[in-house]
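Visitor: File model-v7.txt follows (compact mmCIF, N, CA and C atoms):
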# COMPACT_ATOMS: atom_id res chain seq x y z
N MET F 194 63.17 66.21 9.21
CA MET F 194 62.07 67.12 9.00
C MET F 194 60.82 66.37 8.58
N ALA F 195 60.98 65.35 7.75
CA ALA F 195 59.82 64.59 7.28
C ALA F 195 59.06 63.98 8.44
N GLU F 196 59.78 63.41 9.40
CA GLU F 196 59.13 62.80 10.55
C GLU F 196 58.43 63.85 11.42
N SER F 197 59.04 65.01 11.57
CA SER F 197 58.41 66.09 12.34
C SER F 197 57.14 66.57 11.66
N PHE F 198 57.18 66.70 10.33
CA PHE F 198 55.99 67.10 9.59
C PHE F 198 54.89 66.05 9.76
N ALA F 199 55.26 64.79 9.60
CA ALA F 199 54.28 63.71 9.74
C ALA F 199 53.66 63.71 11.13
N LYS F 200 54.47 63.88 12.14
CA LYS F 200 53.96 63.91 13.51
C LYS F 200 53.03 65.11 13.71
N ALA F 201 53.38 66.25 13.13
CA ALA F 201 52.52 67.43 13.22
C ALA F 201 51.16 67.17 12.59
N VAL F 202 51.15 66.46 11.47
CA VAL F 202 49.89 66.14 10.79
C VAL F 202 49.09 65.12 11.60
N ILE F 203 49.74 64.05 12.02
CA ILE F 203 49.04 62.97 12.72
C ILE F 203 48.54 63.43 14.09
N ASP F 204 49.37 64.18 14.80
CA ASP F 204 49.01 64.60 16.17
C ASP F 204 48.23 65.92 16.21
N ILE F 205 47.96 66.50 15.04
CA ILE F 205 47.28 67.80 14.95
C ILE F 205 48.02 68.83 15.81
N ASN F 206 49.33 68.91 15.58
CA ASN F 206 50.16 69.79 16.39
C ASN F 206 51.15 70.54 15.50
N PRO F 207 50.72 71.64 14.87
CA PRO F 207 51.61 72.39 13.97
C PRO F 207 52.87 72.92 14.65
N ALA F 208 52.84 73.08 15.96
CA ALA F 208 54.01 73.60 16.67
C ALA F 208 55.23 72.69 16.51
N LEU F 209 54.99 71.43 16.17
CA LEU F 209 56.10 70.49 16.02
C LEU F 209 57.01 70.82 14.85
N ILE F 210 56.54 71.67 13.94
CA ILE F 210 57.40 72.02 12.80
C ILE F 210 57.78 73.49 12.78
N ASN F 211 57.46 74.20 13.84
CA ASN F 211 57.84 75.62 13.90
C ASN F 211 59.33 75.85 13.74
N GLU F 212 60.13 74.93 14.24
CA GLU F 212 61.58 75.10 14.16
C GLU F 212 62.09 75.10 12.71
N PHE F 213 61.28 74.63 11.78
CA PHE F 213 61.69 74.56 10.38
C PHE F 213 61.19 75.75 9.55
N ALA F 214 60.53 76.68 10.18
CA ALA F 214 60.01 77.85 9.46
C ALA F 214 61.17 78.76 9.03
N PRO F 215 61.10 79.30 7.82
CA PRO F 215 62.13 80.25 7.38
C PRO F 215 62.19 81.45 8.33
N ASN F 216 63.39 81.98 8.49
CA ASN F 216 63.58 83.13 9.37
C ASN F 216 64.28 84.26 8.63
N ALA F 217 64.47 85.37 9.30
CA ALA F 217 65.09 86.54 8.67
C ALA F 217 66.50 86.24 8.20
N GLY F 218 67.24 85.45 8.95
CA GLY F 218 68.60 85.10 8.54
C GLY F 218 68.63 84.38 7.21
N LEU F 219 67.72 83.43 7.03
CA LEU F 219 67.64 82.72 5.75
C LEU F 219 67.20 83.66 4.64
N ALA F 220 66.23 84.51 4.93
CA ALA F 220 65.78 85.47 3.91
C ALA F 220 66.93 86.36 3.45
N ARG F 221 67.81 86.73 4.35
CA ARG F 221 68.97 87.55 3.98
C ARG F 221 69.91 86.80 3.04
N VAL F 222 70.05 85.50 3.24
CA VAL F 222 70.89 84.68 2.37
C VAL F 222 70.25 84.53 1.00
N LEU F 223 68.95 84.27 0.96
CA LEU F 223 68.26 84.01 -0.30
C LEU F 223 67.98 85.28 -1.10
N SER F 224 67.76 86.39 -0.43
CA SER F 224 67.41 87.65 -1.10
C SER F 224 68.20 88.81 -0.50
N PRO F 225 69.51 88.84 -0.71
CA PRO F 225 70.33 89.88 -0.07
C PRO F 225 69.93 91.30 -0.46
N ALA F 226 69.61 91.52 -1.72
CA ALA F 226 69.26 92.88 -2.16
C ALA F 226 67.94 93.33 -1.53
N ALA F 227 66.97 92.43 -1.50
CA ALA F 227 65.65 92.79 -0.98
C ALA F 227 65.63 92.97 0.53
N THR F 228 66.62 92.40 1.21
CA THR F 228 66.62 92.46 2.68
C THR F 228 67.66 93.42 3.25
N ALA F 229 68.50 93.97 2.40
CA ALA F 229 69.64 94.78 2.87
C ALA F 229 69.23 95.94 3.77
N SER F 230 68.16 96.60 3.45
CA SER F 230 67.77 97.79 4.22
C SER F 230 66.67 97.50 5.24
N LYS F 231 66.35 96.22 5.45
CA LYS F 231 65.24 95.86 6.35
C LYS F 231 65.76 95.32 7.68
N THR F 232 65.01 95.58 8.72
CA THR F 232 65.29 94.94 10.00
C THR F 232 64.73 93.52 9.97
N ASP F 233 65.14 92.71 10.93
CA ASP F 233 64.60 91.35 11.01
C ASP F 233 63.08 91.38 11.16
N GLU F 234 62.58 92.31 11.94
CA GLU F 234 61.13 92.43 12.14
C GLU F 234 60.41 92.77 10.84
N GLU F 235 61.01 93.65 10.04
CA GLU F 235 60.41 94.01 8.75
C GLU F 235 60.43 92.82 7.80
N ILE F 236 61.50 92.05 7.83
CA ILE F 236 61.59 90.86 6.98
C ILE F 236 60.49 89.87 7.38
N GLU F 237 60.35 89.65 8.67
CA GLU F 237 59.30 88.74 9.15
C GLU F 237 57.93 89.20 8.69
N LYS F 238 57.65 90.49 8.85
CA LYS F 238 56.33 91.04 8.50
C LYS F 238 56.11 91.09 6.99
N ASP F 239 57.09 91.62 6.26
CA ASP F 239 56.91 91.88 4.83
C ASP F 239 57.16 90.67 3.93
N MET F 240 58.01 89.76 4.36
CA MET F 240 58.42 88.68 3.47
C MET F 240 58.02 87.29 3.95
N LEU F 241 57.94 87.10 5.24
CA LEU F 241 57.75 85.74 5.75
C LEU F 241 56.37 85.46 6.34
N SER F 242 55.67 86.47 6.79
CA SER F 242 54.39 86.21 7.46
C SER F 242 53.37 85.56 6.52
N ASP F 243 53.28 86.00 5.28
CA ASP F 243 52.33 85.39 4.34
C ASP F 243 52.70 83.93 4.06
N LEU F 244 53.98 83.67 3.93
CA LEU F 244 54.46 82.31 3.70
C LEU F 244 54.07 81.40 4.87
N LYS F 245 54.30 81.87 6.07
CA LYS F 245 53.97 81.09 7.26
C LYS F 245 52.46 80.91 7.39
N ASN F 246 51.70 81.95 7.10
CA ASN F 246 50.23 81.85 7.17
C ASN F 246 49.69 80.85 6.16
N ARG F 247 50.25 80.86 4.95
CA ARG F 247 49.81 79.92 3.91
C ARG F 247 50.13 78.48 4.34
N PHE F 248 51.30 78.28 4.94
CA PHE F 248 51.67 76.95 5.41
C PHE F 248 50.68 76.46 6.46
N GLU F 249 50.36 77.32 7.42
CA GLU F 249 49.39 76.96 8.47
C GLU F 249 48.01 76.68 7.88
N LEU F 250 47.60 77.48 6.91
CA LEU F 250 46.32 77.26 6.24
C LEU F 250 46.29 75.90 5.56
N ASN F 251 47.37 75.54 4.89
CA ASN F 251 47.43 74.25 4.21
C ASN F 251 47.47 73.09 5.20
N LEU F 252 48.11 73.28 6.34
CA LEU F 252 48.05 72.25 7.39
C LEU F 252 46.61 72.06 7.86
N ASP F 253 45.90 73.16 8.02
CA ASP F 253 44.48 73.09 8.40
C ASP F 253 43.67 72.35 7.33
N ARG F 254 43.97 72.59 6.08
CA ARG F 254 43.26 71.91 4.99
C ARG F 254 43.49 70.40 5.05
N ILE F 255 44.71 70.01 5.37
CA ILE F 255 45.00 68.57 5.51
C ILE F 255 44.18 67.99 6.65
N GLN F 256 44.11 68.70 7.77
CA GLN F 256 43.33 68.22 8.91
C GLN F 256 41.85 68.10 8.55
N LYS F 257 41.33 69.07 7.82
CA LYS F 257 39.93 69.00 7.38
C LYS F 257 39.70 67.81 6.46
N ALA F 258 40.66 67.56 5.57
CA ALA F 258 40.54 66.42 4.66
C ALA F 258 40.55 65.11 5.44
N ILE F 259 41.37 65.03 6.47
CA ILE F 259 41.40 63.83 7.31
C ILE F 259 40.03 63.62 7.95
N GLU F 260 39.45 64.68 8.49
CA GLU F 260 38.14 64.59 9.13
C GLU F 260 37.04 64.27 8.12
N GLU F 261 37.02 64.99 7.00
CA GLU F 261 35.96 64.82 6.00
C GLU F 261 35.99 63.44 5.36
N ASN F 262 37.16 62.83 5.30
CA ASN F 262 37.29 61.51 4.69
C ASN F 262 37.29 60.39 5.73
N ASN F 263 36.93 60.75 6.96
CA ASN F 263 36.83 59.77 8.05
C ASN F 263 38.07 58.89 8.17
N VAL F 264 39.22 59.52 8.09
CA VAL F 264 40.48 58.79 8.22
C VAL F 264 40.64 58.37 9.68
N ASP F 265 40.92 57.10 9.86
CA ASP F 265 41.15 56.57 11.20
C ASP F 265 42.59 56.89 11.60
N ARG F 266 42.75 57.79 12.53
CA ARG F 266 44.10 58.20 12.95
C ARG F 266 44.91 57.04 13.53
N ALA F 267 44.23 56.01 13.99
CA ALA F 267 44.93 54.85 14.53
C ALA F 267 45.66 54.07 13.44
N THR F 268 45.17 54.17 12.20
CA THR F 268 45.81 53.45 11.10
C THR F 268 46.53 54.40 10.14
N PHE F 269 46.45 55.69 10.39
CA PHE F 269 47.12 56.69 9.54
C PHE F 269 48.53 56.88 10.09
N LYS F 270 49.52 56.39 9.36
CA LYS F 270 50.89 56.34 9.87
C LYS F 270 51.89 56.94 8.87
N TYR F 271 52.94 57.50 9.41
CA TYR F 271 54.07 57.95 8.59
C TYR F 271 54.74 56.73 7.99
N GLU F 272 55.04 56.79 6.70
CA GLU F 272 55.67 55.67 6.01
C GLU F 272 57.12 55.97 5.66
N SER F 273 57.33 57.06 4.90
CA SER F 273 58.68 57.35 4.42
C SER F 273 58.69 58.74 3.80
N TYR F 274 59.84 59.09 3.26
CA TYR F 274 59.93 60.34 2.52
C TYR F 274 60.83 60.13 1.31
N LYS F 275 60.68 61.01 0.35
CA LYS F 275 61.55 61.00 -0.82
C LYS F 275 62.00 62.44 -1.05
N TYR F 276 63.29 62.63 -1.12
CA TYR F 276 63.88 63.95 -1.33
C TYR F 276 64.35 64.03 -2.77
N TYR F 277 63.92 65.05 -3.47
CA TYR F 277 64.26 65.22 -4.88
C TYR F 277 65.38 66.24 -5.01
N GLU F 278 66.58 65.76 -5.17
CA GLU F 278 67.75 66.62 -5.37
C GLU F 278 67.76 67.10 -6.82
N THR F 279 68.31 68.28 -7.04
CA THR F 279 68.43 68.81 -8.40
C THR F 279 69.83 69.37 -8.60
N GLU F 280 70.09 69.78 -9.81
CA GLU F 280 71.38 70.42 -10.13
C GLU F 280 71.33 71.92 -9.90
N GLU F 281 70.20 72.42 -9.45
CA GLU F 281 70.04 73.85 -9.18
C GLU F 281 70.97 74.27 -8.05
N PRO F 282 71.24 75.58 -7.95
CA PRO F 282 72.06 76.05 -6.82
C PRO F 282 71.44 75.64 -5.49
N LYS F 283 72.26 75.52 -4.48
CA LYS F 283 71.79 75.07 -3.16
C LYS F 283 70.76 76.00 -2.54
N THR F 284 70.66 77.23 -3.05
CA THR F 284 69.69 78.18 -2.51
C THR F 284 68.31 78.05 -3.14
N VAL F 285 68.15 77.10 -4.04
CA VAL F 285 66.85 76.85 -4.67
C VAL F 285 66.15 75.72 -3.90
N PRO F 286 64.94 75.96 -3.41
CA PRO F 286 64.23 74.91 -2.66
C PRO F 286 64.04 73.64 -3.49
N ARG F 287 64.01 72.53 -2.78
CA ARG F 287 63.80 71.20 -3.36
C ARG F 287 62.42 70.69 -2.92
N ILE F 288 62.06 69.55 -3.50
CA ILE F 288 60.80 68.89 -3.13
C ILE F 288 61.11 67.75 -2.16
N LEU F 289 60.35 67.70 -1.10
CA LEU F 289 60.38 66.59 -0.16
C LEU F 289 58.97 66.03 -0.12
N GLU F 290 58.82 64.78 -0.51
CA GLU F 290 57.51 64.14 -0.51
C GLU F 290 57.40 63.26 0.73
N VAL F 291 56.46 63.58 1.59
CA VAL F 291 56.24 62.81 2.81
C VAL F 291 55.09 61.84 2.55
N SER F 292 55.36 60.56 2.80
CA SER F 292 54.37 59.52 2.51
C SER F 292 53.79 58.93 3.79
N PHE F 293 52.50 58.72 3.74
CA PHE F 293 51.76 58.14 4.86
C PHE F 293 51.05 56.89 4.36
N LEU F 294 50.71 56.01 5.28
CA LEU F 294 49.82 54.89 4.98
C LEU F 294 48.50 55.16 5.67
N ASN F 295 47.45 55.06 4.89
CA ASN F 295 46.09 55.18 5.40
C ASN F 295 45.44 53.83 5.17
N GLY F 296 45.60 52.94 6.12
CA GLY F 296 45.20 51.56 5.90
C GLY F 296 46.12 50.96 4.85
N ASN F 297 45.55 50.56 3.71
CA ASN F 297 46.36 50.02 2.61
C ASN F 297 46.68 51.05 1.55
N ASN F 298 46.20 52.27 1.72
CA ASN F 298 46.41 53.31 0.71
C ASN F 298 47.55 54.24 1.10
N GLU F 299 48.33 54.62 0.11
CA GLU F 299 49.40 55.59 0.34
C GLU F 299 48.90 57.00 0.10
N VAL F 300 49.36 57.92 0.92
CA VAL F 300 49.04 59.33 0.79
C VAL F 300 50.37 60.07 0.72
N HIS F 301 50.54 60.89 -0.32
CA HIS F 301 51.80 61.62 -0.52
C HIS F 301 51.54 63.11 -0.42
N ILE F 302 52.32 63.78 0.43
CA ILE F 302 52.19 65.22 0.59
C ILE F 302 53.53 65.87 0.25
N PRO F 303 53.58 66.61 -0.86
CA PRO F 303 54.83 67.25 -1.27
C PRO F 303 55.03 68.61 -0.59
N LEU F 304 56.26 68.85 -0.17
CA LEU F 304 56.65 70.11 0.46
C LEU F 304 57.82 70.71 -0.31
N THR F 305 57.98 72.02 -0.23
CA THR F 305 59.23 72.61 -0.69
C THR F 305 60.08 72.87 0.54
N VAL F 306 61.35 72.46 0.43
CA VAL F 306 62.27 72.54 1.56
C VAL F 306 63.63 73.06 1.08
N LEU F 307 64.42 73.47 2.04
CA LEU F 307 65.77 73.94 1.74
C LEU F 307 66.67 73.61 2.92
N LYS F 308 67.86 73.13 2.61
CA LYS F 308 68.85 72.90 3.66
C LYS F 308 69.93 73.97 3.52
N HIS F 309 70.15 74.69 4.61
CA HIS F 309 71.18 75.74 4.62
C HIS F 309 71.93 75.67 5.94
N ASP F 310 73.25 75.60 5.85
CA ASP F 310 74.10 75.50 7.05
C ASP F 310 73.63 74.38 7.98
N ASP F 311 73.38 73.22 7.41
CA ASP F 311 72.96 72.03 8.16
C ASP F 311 71.63 72.20 8.90
N LYS F 312 70.83 73.16 8.50
CA LYS F 312 69.50 73.33 9.09
C LYS F 312 68.47 73.25 7.97
N TRP F 313 67.40 72.54 8.23
CA TRP F 313 66.32 72.40 7.27
C TRP F 313 65.27 73.47 7.48
N PHE F 314 64.71 73.92 6.36
CA PHE F 314 63.61 74.88 6.37
C PHE F 314 62.51 74.35 5.47
N VAL F 315 61.26 74.56 5.85
CA VAL F 315 60.13 74.15 5.02
C VAL F 315 59.38 75.41 4.61
N PHE F 316 59.05 75.49 3.32
CA PHE F 316 58.40 76.68 2.77
C PHE F 316 56.91 76.48 2.54
N GLU F 317 56.57 75.43 1.80
CA GLU F 317 55.18 75.29 1.36
C GLU F 317 54.75 73.84 1.32
N ILE F 318 53.46 73.64 1.53
CA ILE F 318 52.81 72.37 1.25
C ILE F 318 52.23 72.54 -0.15
N LEU F 319 52.68 71.73 -1.08
CA LEU F 319 52.33 71.96 -2.49
C LEU F 319 50.97 71.41 -2.90
N ASN F 320 50.46 70.44 -2.17
CA ASN F 320 49.15 69.88 -2.55
C ASN F 320 48.38 69.49 -1.29
N THR F 321 47.15 69.95 -1.23
CA THR F 321 46.27 69.57 -0.12
C THR F 321 44.93 69.05 -0.62
N THR F 322 44.78 68.87 -1.92
CA THR F 322 43.50 68.44 -2.48
C THR F 322 43.55 66.97 -2.90
N ASN F 323 42.43 66.32 -2.75
CA ASN F 323 42.27 64.92 -3.17
C ASN F 323 43.32 63.99 -2.58
N LEU F 324 43.75 64.26 -1.36
CA LEU F 324 44.77 63.42 -0.74
C LEU F 324 44.25 62.03 -0.43
N PHE F 325 42.97 61.92 -0.15
CA PHE F 325 42.40 60.65 0.30
C PHE F 325 41.41 60.08 -0.70
N LYS F 326 41.53 60.47 -1.96
CA LYS F 326 40.61 59.98 -3.00
C LYS F 326 41.25 58.83 -3.73
In structure tokens, how does this file's structure come out?
Guide:
Amino acid sequence: MAESFAKAVIDINPALINEFAPNAGLARVLSPAATASKTDEEIEKDMLSDLKNRFELNLDRIQKAIEENNVDRATFKYESYKYYETEEPKTVPRILEVSFLNGNNEVHIPLTVLKHDDKWFVFEILNTTNLFK
């Protein structure tokens, strides 16, 4: 997932991470009571659309920061990731920090992610400010 996110940022192609977006099935696992009486379409509209919109907005903010800070995309590269495991139940999202190299400077973008049934999901980009300062 980290590499897909990095490629989406570098290539300005958010579609590369669409497969990691939370879906109605995951929402049913995470919030069984809140989803019990809802159709998948209602879950998408009522519970997931704002989350997905916020993610896309934050991706746009990263792109604007790249442009505003005159980042040379030829030298802006994916470096690595760090996954922060916790003792929390498996249904609690974790932090995945995706690291880039911007010339000699490191840029770290933290995400909230969850692995369920061997599939990764990404929820939020936690920081989009001062990435290149």
Visitor: From the DSSP assignment of the backbone, select every residue of region 238-300 of chain F that is strand (DSSP E), and format the answer as a list in words.
Guide: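 Restricting region 238-300 of chain F to strand (DSSP E) produces Phe269, Lys270, Tyr271, Glu272, Ser273, Tyr274, Lys275, Tyr276, Tyr277, Arg287, Ile288, Leu289, Glu290, Val291, Ser292, Phe293, Leu294, Asn295, Asn298, Glu299 and Val300 of chain F.
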Visitor: Please write the residues from the selection above to a file, keeping N, CA and C atoms, as a compact mmCIF listing (two decimals), in the frame of the given file.
Guide:
# COMPACT_ATOMS: atom_id res chain seq x y z
N PHE F 269 46.45 55.69 10.39
CA PHE F 269 47.12 56.69 9.54
C PHE F 269 48.53 56.88 10.09
N LYS F 270 49.52 56.39 9.36
CA LYS F 270 50.89 56.34 9.87
C LYS F 270 51.89 56.94 8.87
N TYR F 271 52.94 57.50 9.41
CA TYR F 271 54.07 57.95 8.59
C TYR F 271 54.74 56.73 7.99
N GLU F 272 55.04 56.79 6.70
CA GLU F 272 55.67 55.67 6.01
C GLU F 272 57.12 55.97 5.66
N SER F 273 57.33 57.06 4.90
CA SER F 273 58.68 57.35 4.42
C SER F 273 58.69 58.74 3.80
N TYR F 274 59.84 59.09 3.26
CA TYR F 274 59.93 60.34 2.52
C TYR F 274 60.83 60.13 1.31
N LYS F 275 60.68 61.01 0.35
CA LYS F 275 61.55 61.00 -0.82
C LYS F 275 62.00 62.44 -1.05
N TYR F 276 63.29 62.63 -1.12
CA TYR F 276 63.88 63.95 -1.33
C TYR F 276 64.35 64.03 -2.77
N TYR F 277 63.92 65.05 -3.47
CA TYR F 277 64.26 65.22 -4.88
C TYR F 277 65.38 66.24 -5.01
N ARG F 287 64.01 72.53 -2.78
CA ARG F 287 63.80 71.20 -3.36
C ARG F 287 62.42 70.69 -2.92
N ILE F 288 62.06 69.55 -3.50
CA ILE F 288 60.80 68.89 -3.13
C ILE F 288 61.11 67.75 -2.16
N LEU F 289 60.35 67.70 -1.10
CA LEU F 289 60.38 66.59 -0.16
C LEU F 289 58.97 66.03 -0.12
N GLU F 290 58.82 64.78 -0.51
CA GLU F 290 57.51 64.14 -0.51
C GLU F 290 57.40 63.26 0.73
N VAL F 291 56.46 63.58 1.59
CA VAL F 291 56.24 62.81 2.81
C VAL F 291 55.09 61.84 2.55
N SER F 292 55.36 60.56 2.80
CA SER F 292 54.37 59.52 2.51
C SER F 292 53.79 58.93 3.79
N PHE F 293 52.50 58.72 3.74
CA PHE F 293 51.76 58.14 4.86
C PHE F 293 51.05 56.89 4.36
N LEU F 294 50.71 56.01 5.28
CA LEU F 294 49.82 54.89 4.98
C LEU F 294 48.50 55.16 5.67
N ASN F 295 47.45 55.06 4.89
CA ASN F 295 46.09 55.18 5.40
C ASN F 295 45.44 53.83 5.17
N ASN F 298 46.20 52.27 1.72
CA ASN F 298 46.41 53.31 0.71
C ASN F 298 47.55 54.24 1.10
N GLU F 299 48.33 54.62 0.11
CA GLU F 299 49.40 55.59 0.34
C GLU F 299 48.90 57.00 0.10
N VAL F 300 49.36 57.92 0.92
CA VAL F 300 49.04 59.33 0.79
C VAL F 300 50.37 60.07 0.72
Visitor: So what do you get for atom N of Ile302 (chain F) versus atom C of Asn320 (chain F), distance-wise?
Guide: 7.1 Å
Visitor: Identify which of the residues F:Ile205, F:Met240, F:Leu294, F:Ala214 lies closest to Val315 (chain F), counting only N, CA and C atoms when measuring atom-to-atom distances.
Guide: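 Under the stated criterion, the closest residue is F:Ala214.
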Visitor: Closest to Ala217 (chain F) among F:Val202, F:Val264, F:Leu241, F:Leu307, using only C-alpha atoms?
Guide: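 Under the stated criterion, the closest residue is F:Leu241.
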Visitor: For CA of Leu244 (chain F) and CA of Asn216 (chain F), quote the distance in Å rounded to one decimal.
Guide: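 Distance between the two atoms: 10.8 Å.
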Visitor: Nearest to Thr268 (chain F) among F:Glu299, F:Thr305, F:Ala195, F:Arg247, with distances taken over only C-alpha atoms: which residue is it?
Guide: F:Glu299
